[in-house]
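Chemist: Would you mind keeping the following structure in view while I ask a few things?
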Amino acid sequence: MPRLRRPDAMDCPPDTDTDPGAPAGIGLRPPHLAALLRGEAAVDLVEVHAENHLAAGGPGPRALARVRERWPLTVHGVGLSIGGAAPLEAAHLARVAALVERVEPLHFSEHLAWSGHAGRWFNDLLPLPYDAAALQRVCDHVDQVQQALRRPMLLENPSRYLGCAASTMDEADFLVAVVRRTGCRLLLDLTNALVTAVNQGGDAAAFIDALPADAVAQYHLAGCTPDRDALGAPLLIDSHARPVDEAVWALYARALRRFGPQPTVVERDQDLPPLPVLAAEADRARALMRASARRAAADRPTGGAGGAGAPGRPAAAALRPVAHR
Amino acid sequence: MKPRPAPPPAATDALQALQADVAAALLDPSRPPPPGLQSWNGACVAQRFGIHRNNVLVSLVDALADAYPVLAEVVGPDFFGALATDYVRAHPPRGPVLAEWGEHPDDDFAAWLQAWLPARAPAAGLPWLPDLARLERARQRAWHAADAEPVPPATLAAALARPQQLPAARLRLHPALSALASTHAVVSLWQLHQGAQADAQALAALDIAQVEAALVLREGDLVLVRPVPAAEAGFVAALAAGRSLGEAAADAGPALDLAAALARLIGAGALVGWTAPGGPVGAPDEAGAARAPTRARARAEPAA
């Protein structure tokens, strides 16, 4: 039976003593729902897209309630258009706030992007310039979301294919400014970090290193698809259609060293594999968090007493946001 | 609109203008990408902008195919891709909840299809396609509709005990329920596409030029398509439009089997409110709530 993985669970052979420090799970897509409820994969955490769970009634809310009974959730918004020039849609924000109140997720996150303009919605995450005007607008919108949700939100770094001529700062500086001014934290999508770096001639490791160590509260991992631009330069498409790249795993390990274990979600939207195959990627994330926690404990002069793996730590610690110290 | 601390107007205008340009170019492939966008290495911006155009179009065409799976299967991927692309460009979503795309009366997909077919595919010979779209739309709505408790048996018994009041009674139907009548056999067509593989032999034998009707309703976690006589669909549609029981029965005409129609609604839990001329009909202990709106009453009643 799948259940919240406990620090003392005996079902993960190589290392059962070390608390991974944070839960690892998957983004739930409808074709996986039945298999998940049947217990075909052991995950610690399930992420849902807010916009897919706003039905007034019917099977959807009942299924979400069943999932919520067994796993902690994170709620991931894909339609608030935080980076939009126009004001947020108040009615939509109210519906998202009601969902968040109902399911009490570990985190609510949204993207540093925009997706609608003048009453039309594009179902895509579109690029915005990183300048003072956009910063002001994004901070206003983050404030508004945090007031409606009565909790800090997480802002996700986007995958970018294009730059903006108007930009006056780089992405890390922009994100840090939003964090400082609004009190939000970051959902660090390591695939987006790689995609953006490759597509803009940047350095994903430098991007990670430029974020403050206490700014990141969740990770995303996904697959991307390699392509070439018109000049033959590599171009990565954030397709969510493949397993997580080795380059992304390496960035994840780097992020764990800098930001510590945080709730981690593997995302897949195209060419969905069977649920256990996807869950195996969450297992790998958990194993990396364990290794990171072990290393951190070994590095502590006291030998780690009272650290992440201490037996007295409540098993439900993973249920609370920001369990990592 | 609430006042907010705004950045200098010129800067705001620039952000607005860029997003307006991007929005216009996303759905119109004849426009060049907006000038405010750039690539780091000087490579063609149009190619990179094309990734966003593709994300928008493909994800919305896929969403439409998910909402109208039998329609997409019946016409095949090329034809569906062409019609869906035209629909996406003419009626992009008005909000971020894709399940509600097309709910605005101006965006009704079946009505749009009715105009699109003769204009863009006059030789296709698919006059029944809009009704198939209506059936699939009704199923989508039923998935997401609000929950409602059926009228308790005691309330029904009290109502039926006063036959003289029946014609004037107003029946409230479950939000997931809808009725559909067509001059074509779209209900059979839809049913024949429900297996893992469409039944080719039965499809070839299907006489599409016949009147069919169905109720679309939710039972438990399932959305069901129940074939019914056309008169019964007309009766349910009239009730849904707010006609009284007597008026709805008269609208449906002499072919209506009223007892069977009511029994089907009650059996499916699709009757969620019953208001007699003097107010809601209730069990004796509910007399105090008799003047309350039926919606509030339904919520106050314990679940069956």
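Residue numbering restarts at 1 in every chain; chains get A, B, ... in the order shown in the structure tokens, and ligands count up from 1 in that same order.
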If the cut-off is 6 Å, can you tell me the residues of chain B near chain A, counting only C-alpha atoms? I'd like them as a ChimeraX atom specification.

Modeler: /B:7,11,15-16,36-40,43,48,56,93-97,143-147,221

Chemist: Which neighbours of Leu171 (chain B) fall inside 7 Å, counting only C-alpha atoms, when residues of the same chain fewer than 5 positions from it are skipped, and could you give them as a list in words?

Modeler: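 So, after excluding close chain neighbours, the residues are Leu239, Leu245, Leu271, Gly273, Trp274 and Thr275 of chain B.
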
Chemist: How about saving the chosen residues, N, CA and C atoms kept, as an mmCIF file, in the first residue's frame?

Modeler:
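Below is the file that was written, selection_34.cif:
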data_model
loop_
_atom_site.group_PDB
_atom_site.id
_atom_site.type_symbol
_atom_site.label_atom_id
_atom_site.label_comp_id
_atom_site.auth_asym_id
_atom_site.auth_seq_id
_atom_site.Cartn_x
_atom_site.Cartn_y
_atom_site.Cartn_z
ATOM 1 N N LEU B 239 -38.773 21.462 -19.052
ATOM 2 C CA LEU B 239 -38.605 21.616 -17.601
ATOM 3 C C LEU B 239 -37.348 22.429 -17.295
ATOM 4 N N LEU B 245 -44.689 21.676 -14.833
ATOM 5 C CA LEU B 245 -44.874 20.267 -15.201
ATOM 6 C C LEU B 245 -45.954 20.131 -16.282
ATOM 7 N N LEU B 271 -33.977 14.638 -10.201
ATOM 8 C CA LEU B 271 -34.964 15.604 -9.747
ATOM 9 C C LEU B 271 -34.484 16.140 -8.403
ATOM 10 N N GLY B 273 -35.455 19.378 -7.059
ATOM 11 C CA GLY B 273 -36.318 20.368 -6.411
ATOM 12 C C GLY B 273 -37.729 20.238 -6.965
ATOM 13 N N TRP B 274 -38.717 20.431 -6.104
ATOM 14 C CA TRP B 274 -40.118 20.305 -6.531
ATOM 15 C C TRP B 274 -40.882 21.406 -5.824
ATOM 16 N N THR B 275 -41.342 22.388 -6.575
ATOM 17 C CA THR B 275 -42.044 23.518 -5.994
ATOM 18 C C THR B 275 -43.498 23.489 -6.441
#

Chemist: Hey, what's within 12 Å of Gln164 (chain B) if we count only C-alpha atoms and toss same-chain stuff fewer than 4 positions away? As a PDB file with N, CA and C atoms, in the first residue's frame, please?

Modeler:
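Wrote it out as around_6.pdb, contents follow:
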ATOM      1  N   ALA B 159     -45.929  15.594  -2.699  1.00  0.00           N
ATOM      2  CA  ALA B 159     -46.326  16.271  -3.934  1.00  0.00           C
ATOM      3  C   ALA B 159     -47.336  15.437  -4.715  1.00  0.00           C
ATOM      4  N   LEU B 160     -47.047  14.143  -4.798  1.00  0.00           N
ATOM      5  CA  LEU B 160     -47.919  13.276  -5.601  1.00  0.00           C
ATOM      6  C   LEU B 160     -49.266  13.058  -4.928  1.00  0.00           C
ATOM      7  N   ALA B 168     -49.146  22.661 -12.110  1.00  0.00           N
ATOM      8  CA  ALA B 168     -48.493  23.951 -11.875  1.00  0.00           C
ATOM      9  C   ALA B 168     -47.128  23.794 -11.205  1.00  0.00           C
ATOM     10  N   ALA B 169     -46.765  22.548 -10.844  1.00  0.00           N
ATOM     11  CA  ALA B 169     -45.506  22.339 -10.115  1.00  0.00           C
ATOM     12  C   ALA B 169     -44.307  22.681 -11.001  1.00  0.00           C
ATOM     13  N   LEU B 245     -44.689  21.676 -14.833  1.00  0.00           N
ATOM     14  CA  LEU B 245     -44.874  20.267 -15.201  1.00  0.00           C
ATOM     15  C   LEU B 245     -45.954  20.131 -16.282  1.00  0.00           C
ATOM     16  N   GLY B 246     -47.087  20.818 -16.084  1.00  0.00           N
ATOM     17  CA  GLY B 246     -48.181  20.733 -17.060  1.00  0.00           C
ATOM     18  C   GLY B 246     -47.783  21.322 -18.404  1.00  0.00           C
ATOM     19  N   ALA B 276     -44.402  23.330  -5.455  1.00  0.00           N
ATOM     20  CA  ALA B 276     -45.832  23.359  -5.746  1.00  0.00           C
ATOM     21  C   ALA B 276     -46.271  24.825  -5.794  1.00  0.00           C
ATOM     22  N   PRO B 277     -47.488  25.109  -6.292  1.00  0.00           N
ATOM     23  CA  PRO B 277     -47.916  26.497  -6.472  1.00  0.00           C
ATOM     24  C   PRO B 277     -47.737  27.348  -5.209  1.00  0.00           C
TER      25      PRO B 277
END

Chemist: Would you kindly return, as a list in words, each protein, DNA or RNA residue with an atom no farther than 9 Å from any atom of Pro127 (chain B), considering only C-alpha atoms and excluding same-chain residues fewer than 5 positions away?

Modeler: Gln114, Leu117, Pro118 and His184 of chain B

Chemist: When you draw a straight line from CA of Phe108 (chain A) to CA of His76 (chain A), how long is it in Å?

Modeler: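 One can read the CA of Phe108 (chain A) to CA of His76 (chain A) distance as 5.7 Å.
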
Chemist: Can you list, as a VMD selection string, every protein, DNA or RNA residue that comes within 9 Å of Glu171 (chain A) when you count only C-alpha atoms, leaving out same-chain residues fewer than 4 positions away?

Modeler: chain A and resid 130 157 175 to 176 207

Chemist: Would you write out those residues with N, CA and C atoms, as a CSV table (one decimal), in the first residue's frame?

Modeler:
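Saved the output as selection-v3.csv:
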chain,number,residue,atom,x,y,z
A,130,TYR,N,12.5,41.7,-18.3
A,130,TYR,CA,12.9,41.8,-16.9
A,130,TYR,C,13.4,43.3,-16.7
A,157,ASN,N,10.7,29.8,-11.9
A,157,ASN,CA,11.5,30.3,-13.0
A,157,ASN,C,11.0,29.7,-14.3
A,175,LEU,N,14.2,37.6,-10.1
A,175,LEU,CA,13.5,36.6,-9.1
A,175,LEU,C,13.9,37.0,-7.7
A,176,VAL,N,15.1,37.3,-7.5
A,176,VAL,CA,15.6,37.7,-6.1
A,176,VAL,C,14.8,39.0,-5.7
A,207,PHE,N,23.2,30.4,-12.7
A,207,PHE,CA,21.8,30.9,-12.3
A,207,PHE,C,21.4,30.3,-10.9

Chemist: For the strand (DSSP E) assignment from backbone DSSP, which residues of region 239-278 of chain A qualify? Please present them as a VMD selection string.

Modeler: chain A and resid 264 to 267
